[in-house]
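Visitor: Sharing a structure here in C-alpha coordinates format.
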Amino acid sequence: MSLFAHFEAHAGERRRSVRRTLRLGVGAAGESVTIRDLSLCGMLLETLTPMLVGARFEVELPQAGAVGAVVTWTSGPFYGCEFDFPIPTSVLSAALLQSPFETAPDSSKAAVDPASELRQLNAEMDRIAAQLDRTIERLRRS
(Lines give C-alpha, C1' and ligand atoms only; values in the text may rest on other atoms or scores of the structure.)
Protein backbone atom coordinates (compact mmCIF):
# COMPACT_ATOMS: atom_id res chain seq x y z
CA MET A 1 0.00 0.00 0.00
CA SER A 2 1.26 3.46 -0.88
CA LEU A 3 -0.69 6.57 -0.07
CA PHE A 4 0.63 9.84 -1.44
CA ALA A 5 0.63 12.99 0.64
CA HIS A 6 2.50 16.25 1.09
CA PHE A 7 3.63 18.44 3.95
CA GLU A 8 2.50 22.03 4.13
CA ALA A 9 4.44 24.38 6.38
CA HIS A 10 2.47 27.03 8.23
CA ALA A 11 4.41 30.20 7.46
CA GLY A 12 3.89 33.53 9.12
CA GLU A 13 2.98 32.12 12.51
CA ARG A 14 4.95 33.27 15.52
CA ARG A 15 6.23 29.98 16.84
CA ARG A 16 9.66 28.62 17.74
CA SER A 17 9.43 25.69 15.33
CA VAL A 18 7.83 25.23 11.94
CA ARG A 19 4.39 23.66 12.13
CA ARG A 20 3.55 21.13 9.45
CA THR A 21 0.34 19.53 8.27
CA LEU A 22 0.41 16.31 6.27
CA ARG A 23 -2.34 16.28 3.65
CA LEU A 24 -3.39 13.27 1.59
CA GLY A 25 -3.49 13.64 -2.18
CA VAL A 26 -1.38 13.42 -5.31
CA GLY A 27 0.37 16.23 -7.15
CA ALA A 28 -0.19 18.89 -4.52
CA ALA A 29 2.30 21.63 -3.79
CA GLY A 30 4.57 21.15 -0.80
CA GLU A 31 7.02 18.55 0.40
CA SER A 32 6.34 15.11 -1.12
CA VAL A 33 5.59 12.20 1.23
CA THR A 34 4.63 8.57 0.68
CA ILE A 35 2.73 6.84 3.47
CA ARG A 36 4.05 3.28 3.27
CA ASP A 37 1.92 1.90 6.10
CA LEU A 38 -1.06 3.30 7.96
CA SER A 39 -2.57 1.76 11.08
CA LEU A 40 -4.87 2.71 13.92
CA CYS A 41 -1.91 3.84 16.06
CA GLY A 42 0.47 5.41 13.54
CA MET A 43 2.13 5.35 10.15
CA LEU A 44 5.36 4.78 8.29
CA LEU A 45 6.38 7.75 6.12
CA GLU A 46 8.94 7.93 3.35
CA THR A 47 10.14 11.42 2.53
CA LEU A 48 13.24 13.45 1.81
CA THR A 49 11.96 16.08 4.23
CA PRO A 50 14.30 15.87 7.24
CA MET A 51 12.57 15.29 10.58
CA LEU A 52 13.92 14.51 14.02
CA VAL A 53 12.65 12.00 16.55
CA GLY A 54 10.15 13.91 18.68
CA ALA A 55 9.05 16.22 15.85
CA ARG A 56 5.32 16.87 16.06
CA PHE A 57 2.96 17.47 13.15
CA GLU A 58 -0.68 17.08 12.18
CA VAL A 59 -2.09 14.79 9.51
CA GLU A 60 -5.40 15.63 7.85
CA LEU A 61 -7.43 12.41 7.70
CA PRO A 62 -10.85 11.94 6.11
CA GLN A 63 -13.65 11.87 8.70
CA ALA A 64 -11.23 12.92 11.46
CA GLY A 65 -9.69 16.22 10.42
CA ALA A 66 -6.37 17.14 12.02
CA VAL A 67 -4.80 14.29 14.00
CA GLY A 68 -1.64 14.93 16.05
CA ALA A 69 1.38 12.71 15.42
CA VAL A 70 4.99 12.46 16.57
CA VAL A 71 8.07 10.95 14.92
CA THR A 72 9.22 8.04 17.11
CA TRP A 73 12.11 6.70 14.99
CA THR A 74 13.98 7.36 11.76
CA SER A 75 15.96 5.24 9.33
CA GLY A 76 17.18 7.12 6.27
CA PRO A 77 14.15 8.45 4.39
CA PHE A 78 11.76 6.41 6.57
CA TYR A 79 10.00 7.84 9.62
CA GLY A 80 7.93 5.87 12.11
CA CYS A 81 5.18 8.06 13.51
CA GLU A 82 2.68 7.51 16.30
CA PHE A 83 -0.69 9.24 16.57
CA ASP A 84 -1.47 11.10 19.79
CA PHE A 85 -4.54 8.87 20.11
CA PRO A 86 -5.54 5.79 18.08
CA ILE A 87 -7.81 6.64 15.16
CA PRO A 88 -11.16 4.90 14.64
CA THR A 89 -11.36 2.03 12.14
CA SER A 90 -13.72 4.11 9.97
CA VAL A 91 -11.06 6.84 9.62
CA LEU A 92 -8.43 4.28 8.67
CA SER A 93 -10.75 2.78 6.05
CA ALA A 94 -11.58 6.21 4.60
CA ALA A 95 -7.87 7.10 4.33
CA LEU A 96 -7.02 3.77 2.68
CA LEU A 97 -9.78 4.34 0.12
CA GLN A 98 -7.76 7.35 -1.08
CA SER A 99 -4.84 5.05 -1.88
CA PRO A 100 -4.33 4.68 -5.63
CA PHE A 101 -5.24 1.30 -7.05
CA GLU A 102 -2.19 -0.93 -7.32
CA THR A 103 -2.20 -3.99 -9.51
CA ALA A 104 -0.57 -7.10 -8.14
CA PRO A 105 2.88 -7.55 -9.62
CA ASP A 106 3.32 -10.32 -12.17
CA SER A 107 5.52 -12.82 -10.33
CA SER A 108 7.16 -13.91 -13.57
CA LYS A 109 8.37 -10.33 -14.19
CA ALA A 110 8.91 -9.12 -10.66
CA ALA A 111 12.53 -8.74 -9.64
CA VAL A 112 13.06 -8.70 -5.88
CA ASP A 113 15.45 -6.00 -4.75
CA PRO A 114 17.11 -7.56 -1.69
CA ALA A 115 18.51 -4.23 -0.46
CA SER A 116 15.08 -2.61 -0.59
CA GLU A 117 13.49 -5.58 1.15
CA LEU A 118 16.17 -5.43 3.85
CA ARG A 119 15.58 -1.69 4.40
CA GLN A 120 11.86 -2.32 4.79
CA LEU A 121 12.44 -5.16 7.26
CA ASN A 122 14.91 -2.99 9.20
CA ALA A 123 12.39 -0.15 9.39
CA GLU A 124 9.70 -2.56 10.61
CA MET A 125 12.05 -3.99 13.26
CA ASP A 126 12.91 -0.46 14.46
CA ARG A 127 9.19 0.36 14.70
CA ILE A 128 8.47 -2.79 16.70
CA ALA A 129 11.46 -2.21 18.99
CA ALA A 130 10.36 1.37 19.70
CA GLN A 131 6.80 0.21 20.42
CA LEU A 132 8.12 -2.50 22.73
CA ASP A 133 10.31 0.03 24.59
CA ARG A 134 7.32 2.35 25.10
CA THR A 135 5.18 -0.52 26.39
CA ILE A 136 7.87 -1.67 28.81
CA GLU A 137 8.27 1.90 30.10
CA ARG A 138 4.50 2.21 30.66
CA LEU A 139 4.49 -1.11 32.55
CA ARG A 140 7.34 0.11 34.76
CA ARG A 141 5.42 3.25 35.66
CA SER A 142 2.26 1.37 36.66
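A note on labels: chains of the C-alpha coordinates are A, B, ... as shown, every chain counts residues from 1, and ligands are counted from 1 in their shown order.
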Write out as a PyMOL selection string each polymer residue whose atoms come within 12 Å of Thr74 in chain A, counting only C-alpha atoms; drop sequence neighbours fewer than 3 positions from it.
Guide: chain A and resi 44-55+70-71+77-81+119+122-127+130
Visitor: Show me, as a VMD selection string, the residues that have an atom within 10 Å of Pro86 in chain A when counting only C-alpha atoms, minus same-chain residues fewer than 6 positions from it.
Guide: chain A and resid 39 to 42 67 92
Visitor: Output N, CA and C atoms for every residue in the selection just made, as an mmCIF file, in the first residue's frame.
Guide:
```cif
data_model
loop_
_atom_site.group_PDB
_atom_site.id
_atom_site.type_symbol
_atom_site.label_atom_id
_atom_site.label_comp_id
_atom_site.auth_asym_id
_atom_site.auth_seq_id
_atom_site.Cartn_x
_atom_site.Cartn_y
_atom_site.Cartn_z
ATOM 1 N N SER A 39 -1.849 2.627 10.143
ATOM 2 C CA SER A 39 -2.566 1.761 11.079
ATOM 3 C C SER A 39 -3.375 2.622 12.031
ATOM 4 N N LEU A 40 -4.054 1.978 12.952
ATOM 5 C CA LEU A 40 -4.868 2.707 13.924
ATOM 6 C C LEU A 40 -4.015 3.557 14.858
ATOM 7 N N CYS A 41 -2.761 3.155 15.085
ATOM 8 C CA CYS A 41 -1.905 3.844 16.058
ATOM 9 C C CYS A 41 -0.839 4.731 15.433
ATOM 10 N N GLY A 42 -0.586 4.596 14.132
ATOM 11 C CA GLY A 42 0.470 5.406 13.537
ATOM 12 C C GLY A 42 0.674 5.106 12.076
ATOM 13 N N VAL A 67 -5.171 15.272 12.980
ATOM 14 C CA VAL A 67 -4.796 14.292 13.999
ATOM 15 C C VAL A 67 -3.324 14.526 14.339
ATOM 16 N N LEU A 92 -9.455 5.044 9.376
ATOM 17 C CA LEU A 92 -8.430 4.276 8.674
ATOM 18 C C LEU A 92 -8.960 3.801 7.321
#
```
Visitor: Could you work out how far CA of Ala95 in chain A lies from CA of Arg56 in chain A, giving the answer in Å with one decimal?
Guide: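 CA of Ala95 in chain A lies 20.2 Å from CA of Arg56 in chain A.
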Visitor: Can you measure CA of Gly76 in chain A to CA of Leu118 in chain A for me? One decimal in Å is fine.
Guide: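 The value is 12.8 Å.
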